[in-house]
>>> print(open('run-v2.cif').read())   # mmCIF, C-alpha atoms and all ligand atoms
data_query
loop_
_atom_site.label_atom_id
_atom_site.label_comp_id
_atom_site.auth_asym_id
_atom_site.auth_seq_id
_atom_site.Cartn_x
_atom_site.Cartn_y
_atom_site.Cartn_z
CA MET R 1 181.20 119.23 191.84
CA SER R 2 180.45 115.58 191.46
CA LEU R 3 178.17 114.27 188.81
CA PRO R 4 175.25 112.18 189.97
CA ALA R 5 175.80 108.51 189.57
CA SER R 6 174.28 107.43 186.33
CA ALA R 7 171.05 105.51 186.54
CA PRO R 8 171.39 101.78 186.08
CA PRO R 9 170.76 100.75 182.50
CA VAL R 10 167.16 99.91 181.74
CA ALA R 11 166.77 96.16 181.87
CA ASN R 12 166.31 96.05 178.13
CA SER R 13 168.51 93.00 177.80
CA ALA R 14 165.84 91.01 179.61
CA ARG R 15 163.34 91.68 176.86
CA LEU R 16 163.02 89.38 173.89
CA TYR R 17 163.16 90.43 170.27
CA TYR R 18 162.58 89.47 166.67
CA PRO R 19 164.87 90.85 163.99
CA ASN R 20 163.57 93.72 161.85
CA LYS R 21 163.75 91.53 158.75
CA MET R 22 161.27 88.97 160.10
CA VAL R 23 158.79 91.53 161.36
CA ARG R 24 159.02 93.27 158.00
CA ILE R 25 158.09 89.93 156.39
CA ILE R 26 155.10 89.51 158.75
CA LEU R 27 153.85 93.02 157.97
CA LEU R 28 154.28 92.58 154.20
CA ALA R 29 152.35 89.31 154.44
CA MET R 30 149.58 90.93 156.48
CA GLU R 31 149.43 93.72 153.93
CA GLU R 32 149.00 91.17 151.15
CA VAL R 33 146.08 89.58 153.01
CA MET R 34 144.26 92.64 154.42
CA GLY R 35 145.61 95.64 152.53
CA ARG R 36 147.69 98.53 153.83
CA ASN R 37 144.70 100.15 155.54
CA GLY R 38 143.92 96.91 157.39
CA VAL R 39 147.52 96.57 158.61
CA ASN R 40 147.59 100.20 159.71
CA ALA R 41 144.34 99.73 161.65
CA VAL R 42 145.81 96.67 163.42
CA LEU R 43 149.02 98.59 164.22
CA ASN R 44 147.06 101.56 165.57
CA LEU R 45 144.90 99.34 167.76
CA ALA R 46 148.05 97.64 169.06
CA LYS R 47 149.49 101.07 169.91
CA LEU R 48 152.34 100.52 167.44
CA ARG R 49 151.95 103.82 165.64
CA HIS R 50 155.69 104.04 164.95
CA LEU R 51 155.26 101.14 162.51
CA VAL R 52 152.32 102.66 160.60
CA ASN R 53 153.50 103.26 157.03
CA ASN R 54 156.97 102.69 158.40
CA PHE R 55 157.80 98.98 158.29
CA PRO R 56 161.10 97.95 159.92
CA PRO R 57 164.24 98.00 157.74
CA ASN R 58 165.39 94.83 156.01
CA ASN R 59 168.18 93.89 158.43
CA PHE R 60 168.90 91.42 161.22
CA ASP R 61 168.93 93.91 164.12
CA ARG R 62 166.71 92.61 166.90
CA GLN R 63 164.52 95.64 167.50
CA ILE R 64 160.89 94.51 167.62
CA SER R 65 159.94 93.10 171.01
CA PHE R 66 157.81 90.06 171.72
CA GLU R 67 155.39 92.45 173.51
CA GLU R 68 154.89 94.30 170.23
CA LEU R 69 154.34 91.08 168.25
CA GLY R 70 151.89 89.71 170.83
CA ALA R 71 149.98 93.01 170.78
CA MET R 72 149.80 92.86 166.98
CA MET R 73 148.27 89.36 167.04
CA GLN R 74 145.90 90.33 169.85
CA SER R 75 144.65 93.32 167.81
CA LEU R 76 144.01 91.11 164.81
CA ASP R 77 141.63 89.00 166.94
CA GLU R 78 140.02 92.06 168.52
CA MET R 79 139.36 93.73 165.18
CA TYR R 80 138.05 90.74 163.26
CA GLY R 81 136.81 88.50 166.07
CA PRO R 82 138.47 85.20 167.00
CA ARG R 83 137.31 83.38 163.86
CA GLY R 84 138.05 86.17 161.42
CA GLY R 85 141.35 86.94 163.10
CA ARG R 86 142.35 83.29 162.97
CA GLY R 87 141.58 83.04 159.25
CA LEU R 88 143.58 86.16 158.45
CA ALA R 89 146.51 85.06 160.62
CA LEU R 90 146.62 81.65 158.91
CA ARG R 91 146.64 83.27 155.48
CA ALA R 92 149.21 85.85 156.53
CA GLY R 93 151.36 83.04 157.95
CA ARG R 94 151.28 81.21 154.64
CA ALA R 95 152.20 84.43 152.83
CA CYS R 96 155.09 84.98 155.30
CA PHE R 97 156.74 81.85 154.04
CA LYS R 98 156.84 83.15 150.47
CA TYR R 99 158.62 86.35 151.55
CA GLY R 100 160.73 84.46 154.06
CA ILE R 101 162.09 81.90 151.64
CA ARG R 102 163.21 84.73 149.35
CA GLU R 103 165.29 86.14 152.19
CA PHE R 104 166.44 82.95 153.90
CA GLY R 105 166.22 80.29 151.17
CA PRO R 106 169.69 80.79 149.75
CA VAL R 107 171.34 80.21 153.14
CA LEU R 108 169.19 77.25 154.21
CA GLY R 109 170.43 74.76 151.62
CA ILE R 110 167.04 73.08 151.22
CA ALA R 111 166.58 73.98 147.58
CA ASP R 112 169.57 71.83 146.63
CA LEU R 113 169.24 68.82 144.36
CA ALA R 114 170.44 66.53 147.17
CA PHE R 115 167.57 67.71 149.33
CA ARG R 116 165.00 67.26 146.61
CA LEU R 117 166.05 63.62 146.18
CA LEU R 118 165.38 62.69 149.82
CA PRO R 119 162.32 60.56 150.65
CA LEU R 120 159.34 62.56 151.91
CA THR R 121 159.62 61.83 155.66
CA MET R 122 163.32 62.66 155.60
CA LYS R 123 162.57 65.90 153.74
CA LEU R 124 160.08 66.88 156.44
CA LYS R 125 162.57 66.04 159.18
CA VAL R 126 165.48 67.91 157.61
CA GLY R 127 163.24 70.84 156.62
CA ALA R 128 161.75 71.17 160.12
CA ASP R 129 165.24 70.98 161.65
CA VAL R 130 166.51 73.73 159.39
CA PHE R 131 163.50 75.99 160.09
CA ALA R 132 163.73 75.46 163.85
CA GLU R 133 167.41 76.31 163.72
CA THR R 134 166.65 79.48 161.73
CA PHE R 135 164.32 80.76 164.47
CA ASN R 136 166.71 79.73 167.24
CA LYS R 137 169.59 81.50 165.52
CA PHE R 138 168.05 84.75 164.30
CA THR R 139 165.39 85.43 166.98
CA ASP R 140 164.89 85.16 170.74
CA GLN R 141 162.18 82.58 170.11
CA THR R 142 163.19 79.11 171.30
CA VAL R 143 162.09 76.04 169.37
CA THR R 144 162.52 72.40 170.22
CA LEU R 145 161.62 69.64 167.81
CA SER R 146 160.80 66.06 168.62
CA GLU R 147 159.52 63.14 166.68
CA GLU R 148 156.99 60.38 167.27
CA PRO R 149 156.21 57.53 164.86
CA ASP R 150 153.40 59.41 163.09
CA ARG R 151 154.08 63.03 163.84
CA PHE R 152 156.52 65.79 164.63
CA LEU R 153 156.15 68.07 167.62
CA TRP R 154 157.29 71.67 167.13
CA GLN R 155 157.41 73.45 170.49
CA ASN R 156 157.98 77.14 171.14
CA THR R 157 159.14 77.41 174.72
CA ARG R 158 159.40 81.18 174.16
CA CYS R 159 156.78 82.37 171.69
CA PRO R 160 156.32 85.90 170.35
CA MET R 161 152.89 85.27 168.79
CA CYS R 162 151.08 84.92 172.12
CA TRP R 163 153.46 86.95 174.27
CA GLY R 164 151.53 88.74 177.03
CA ARG R 165 148.24 87.24 175.89
CA GLN R 166 145.61 85.16 177.66
CA SER R 167 143.39 82.89 175.65
CA ASP R 168 141.05 79.97 176.36
CA THR R 169 142.21 78.25 173.20
CA PRO R 170 145.58 78.17 171.41
CA CYS R 171 146.05 81.44 169.52
CA CYS R 172 149.36 81.30 167.62
CA HIS R 173 147.65 80.99 164.24
CA LEU R 174 150.29 82.87 162.28
CA ALA R 175 152.81 80.21 163.30
CA VAL R 176 150.43 77.47 162.10
CA GLY R 177 150.19 79.19 158.69
CA ILE R 178 153.97 79.49 158.39
CA LEU R 179 154.41 75.80 159.25
CA GLN R 180 151.70 74.69 156.81
CA GLU R 181 153.26 76.61 153.95
CA SER R 182 156.81 75.52 154.75
CA LEU R 183 155.70 71.86 154.76
CA TYR R 184 153.89 72.42 151.46
CA TRP R 185 157.06 73.86 149.97
CA VAL R 186 159.46 71.30 151.46
CA SER R 187 157.29 68.39 150.25
CA GLY R 188 156.96 69.75 146.73
CA GLY R 189 153.24 70.60 146.99
CA LYS R 190 151.60 68.42 149.64
CA ASN R 191 149.32 69.64 152.43
CA PHE R 192 149.82 68.57 156.03
CA GLU R 193 147.66 68.78 159.11
CA VAL R 194 149.21 71.23 161.58
CA GLN R 195 147.42 71.77 164.89
CA GLU R 196 148.36 73.89 167.86
CA THR R 197 147.43 71.65 170.79
CA ALA R 198 148.89 73.67 173.68
CA CYS R 199 149.62 77.37 174.10
CA ILE R 200 151.48 79.47 176.64
CA ALA R 201 148.58 81.97 176.48
CA SER R 202 146.32 79.21 177.83
CA GLY R 203 148.70 78.38 180.67
CA ASP R 204 150.71 75.62 179.02
CA GLU R 205 154.48 75.40 179.26
CA ALA R 206 155.04 75.66 175.53
CA CYS R 207 153.14 76.40 172.35
CA THR R 208 152.96 72.96 170.80
CA PHE R 209 152.31 72.34 167.14
CA VAL R 210 151.55 68.79 166.06
CA ILE R 211 152.49 67.99 162.48
CA ASP R 212 151.18 64.79 160.91
CA LYS R 213 153.83 63.03 158.85
CA LYS R 214 151.25 61.72 156.41
CA PRO R 215 150.05 64.31 153.90
CA LEU R 216 146.32 65.06 153.56
CA ASP R 217 146.43 64.58 149.79
ZN ZN R 301 152.43 80.98 171.33
#
>>> encode(input="run-v2.cif", output="structure tokens")
Amino acid sequence: MSLPASAPPVANSARLYYPNKMVRIILLAMEEVMGRNGVNAVLNLAKLRHLVNNFPPNNFDRQISFEELGAMMQSLDEMYGPRGGRGLALRAGRACFKYGIREFGPVLGIADLAFRLLPLTMKLKVGADVFAETFNKFTDQTVTLSEEPDRFLWQNTRCPMCWGRQSDTPCCHLAVGILQESLYWVSGGKNFEVQETACIASGDEACTFVIDKKPLD
């Protein structure tokens, strides 16, 4: 008796993932901003019931798909409306950085004295490079950085925040919050204008975040 040929493996390798650790950070940050009940409501609406009261473990396994992250962000907008959802995502993004730097800070080398002594523009450049590299290394997100005289361009050519979404206006607000807070931290307490000017969810080739080199204050 011959066994049936096994089915071809599900094309799981084609899907894109974030590591558990980073999604855990996002959920902890959302919890800080909207409470556990708020996060659970968002997860339920996004059909991610397996994450309700069951945040991913604190490890680097890539187990949360971009589909799941996009659905989470979509639900935030659906529940609170585009304006409310945007405000919460920005605040959650800023809170992400605080949890993130606890986990990743020691390996990034940007808390060193040598870094702190760099002039501001160089700090921003080195900091942005290090952050982009962190996403490129630990996630399936792809980031390219470029520089113009007055600004940096951070581009996600694969972006989990808007994965599977359609939007008339750029909608990767959580990423804007993370960038704002990381610039605040890298500069030793200055605020920078960060604007998403193009978004894959609106039909653009990349989610593009424009960062002014000159601080607001
Ligand atoms: Zn995006």
>>> closest_atom_pairs(input="run-v2.cif", of="range 55-83 of chain R", to="range 22-39 of chain R", cutoff="8 Å", atoms="only C-alpha atoms", output="tab-separated table")
residue	atom	partner	partner_atom	distance
R:Phe55	CA	R:Arg24	CA	5.8
R:Pro56	CA	R:Arg24	CA	5.5
R:Pro57	CA	R:Arg24	CA	7.0
R:Asn58	CA	R:Arg24	CA	6.9
R:Ile64	CA	R:Val23	CA	7.2
>>> residues_near_ligand(input="run-v2.cif", ligand="ligand ZN 301 (chain R)", cutoff="6 Å", atoms="all atoms listed in the file", output="ChimeraX atom specification")
/R:159,161-162,172,199-200,207
>>> residues_around(input="run-v2.cif", residues="Gly87 in chain R", least_positions_apart="4", cutoff="12 Å", atoms="all atoms listed in the file", output="list in words")
Met30, Val33, Met34, Leu76, Asp77, Tyr80, Gly81, Pro82, Arg83, Arg91, Ala92, Gly93, Arg94, Cys171, Cys172, His173, Leu174, Val176 and Gly177 of chain R
>>> residues_near_point(input="run-v2.cif", point="(161.1, 83.4, 171.3)", cutoff="12 Å", atoms="all atoms listed in the file", output="VMD selection string")
chain R and resid 15 to 19 62 64 to 67 69 to 70 132 134 to 144 155 to 163 175 200 206 to 207
>>> write_last_selection(input="run-v2.cif", atoms="C-alpha atoms", output="mmCIF file, keeping the file's coordinate frame")
data_model
loop_
_atom_site.group_PDB
_atom_site.id
_atom_site.type_symbol
_atom_site.label_atom_id
_atom_site.label_comp_id
_atom_site.auth_asym_id
_atom_site.auth_seq_id
_atom_site.Cartn_x
_atom_site.Cartn_y
_atom_site.Cartn_z
ATOM 1 C CA ARG R 15 163.340 91.680 176.860
ATOM 2 C CA LEU R 16 163.020 89.380 173.890
ATOM 3 C CA TYR R 17 163.160 90.430 170.270
ATOM 4 C CA TYR R 18 162.580 89.470 166.670
ATOM 5 C CA PRO R 19 164.870 90.850 163.990
ATOM 6 C CA ARG R 62 166.710 92.610 166.900
ATOM 7 C CA ILE R 64 160.890 94.510 167.620
ATOM 8 C CA SER R 65 159.940 93.100 171.010
ATOM 9 C CA PHE R 66 157.810 90.060 171.720
ATOM 10 C CA GLU R 67 155.390 92.450 173.510
ATOM 11 C CA LEU R 69 154.340 91.080 168.250
ATOM 12 C CA GLY R 70 151.890 89.710 170.830
ATOM 13 C CA ALA R 132 163.730 75.460 163.850
ATOM 14 C CA THR R 134 166.650 79.480 161.730
ATOM 15 C CA PHE R 135 164.320 80.760 164.470
ATOM 16 C CA ASN R 136 166.710 79.730 167.240
ATOM 17 C CA LYS R 137 169.590 81.500 165.520
ATOM 18 C CA PHE R 138 168.050 84.750 164.300
ATOM 19 C CA THR R 139 165.390 85.430 166.980
ATOM 20 C CA ASP R 140 164.890 85.160 170.740
ATOM 21 C CA GLN R 141 162.180 82.580 170.110
ATOM 22 C CA THR R 142 163.190 79.110 171.300
ATOM 23 C CA VAL R 143 162.090 76.040 169.370
ATOM 24 C CA THR R 144 162.520 72.400 170.220
ATOM 25 C CA GLN R 155 157.410 73.450 170.490
ATOM 26 C CA ASN R 156 157.980 77.140 171.140
ATOM 27 C CA THR R 157 159.140 77.410 174.720
ATOM 28 C CA ARG R 158 159.400 81.180 174.160
ATOM 29 C CA CYS R 159 156.780 82.370 171.690
ATOM 30 C CA PRO R 160 156.320 85.900 170.350
ATOM 31 C CA MET R 161 152.890 85.270 168.790
ATOM 32 C CA CYS R 162 151.080 84.920 172.120
ATOM 33 C CA TRP R 163 153.460 86.950 174.270
ATOM 34 C CA ALA R 175 152.810 80.210 163.300
ATOM 35 C CA ILE R 200 151.480 79.470 176.640
ATOM 36 C CA ALA R 206 155.040 75.660 175.530
ATOM 37 C CA CYS R 207 153.140 76.400 172.350
#
>>> closest_residue(input="run-v2.cif", among="R:Tyr99, R:Met79, R:Gln166, R:Gln74", to="Glu181 in chain R", atoms="only C-alpha atoms")
R:Tyr99
>>> residues_around(input="run-v2.cif", residues="Ala114 in chain R", least_positions_apart="5", cutoff="12 Å", atoms="only C-alpha atoms", output="PDB file with C-alpha atoms, in the frame of the given file")
ATOM      1  CA  GLY R 109     170.430  74.760 151.620  1.00  0.00           C
ATOM      2  CA  PRO R 119     162.320  60.560 150.650  1.00  0.00           C
ATOM      3  CA  MET R 122     163.320  62.660 155.600  1.00  0.00           C
ATOM      4  CA  LYS R 123     162.570  65.900 153.740  1.00  0.00           C
ATOM      5  CA  VAL R 126     165.480  67.910 157.610  1.00  0.00           C
TER       6      VAL R 126
END
>>> atom_distance(input="run-v2.cif", atom1="CA of Trp154 in chain R", atom2="CA of Phe209 in chain R")
5.0 Å
>>> atom_distance(input="run-v2.cif", atom1="CA of Ile101 in chain R", atom2="CA of Ala128 in chain R")
13.7 Å
>>> atom_distance(input="run-v2.cif", atom1="CA of Glu103 in chain R", atom2="CA of Phe60 in chain R")
11.1 Å
>>> residues_around(input="run-v2.cif", residues="Val186 in chain R", least_positions_apart="2", cutoff="7 Å", atoms="only C-alpha atoms", output="VMD selection string")
chain R and resid 123 to 124 127 182 to 184 188
>>> closest_atom_pairs(input="run-v2.cif", of="range 85-151 of chain R", to="range 212-215 of chain R", cutoff="9 Å", atoms="only C-alpha atoms", output="CSV")
residue,atom,partner,partner_atom,distance
R:Leu120,CA,R:Lys213,CA,8.9
R:Thr121,CA,R:Lys213,CA,6.7
R:Leu124,CA,R:Lys213,CA,7.7
R:Pro149,CA,R:Lys213,CA,8.5
R:Asp150,CA,R:Lys213,CA,5.6
R:Arg151,CA,R:Asp212,CA,4.5
>>> residues_around(input="run-v2.cif", residues="Ser202 in chain R", least_positions_apart="3", cutoff="8 Å", atoms="only C-alpha atoms", output="PDB file with C-alpha atoms, in the coordinates of the input")
ATOM      1  CA  GLN R 166     145.610  85.160 177.660  1.00  0.00           C
ATOM      2  CA  SER R 167     143.390  82.890 175.650  1.00  0.00           C
ATOM      3  CA  ASP R 168     141.050  79.970 176.360  1.00  0.00           C
ATOM      4  CA  THR R 169     142.210  78.250 173.200  1.00  0.00           C
ATOM      5  CA  PRO R 170     145.580  78.170 171.410  1.00  0.00           C
ATOM      6  CA  ALA R 198     148.890  73.670 173.680  1.00  0.00           C
ATOM      7  CA  CYS R 199     149.620  77.370 174.100  1.00  0.00           C
TER       8      CYS R 199
END
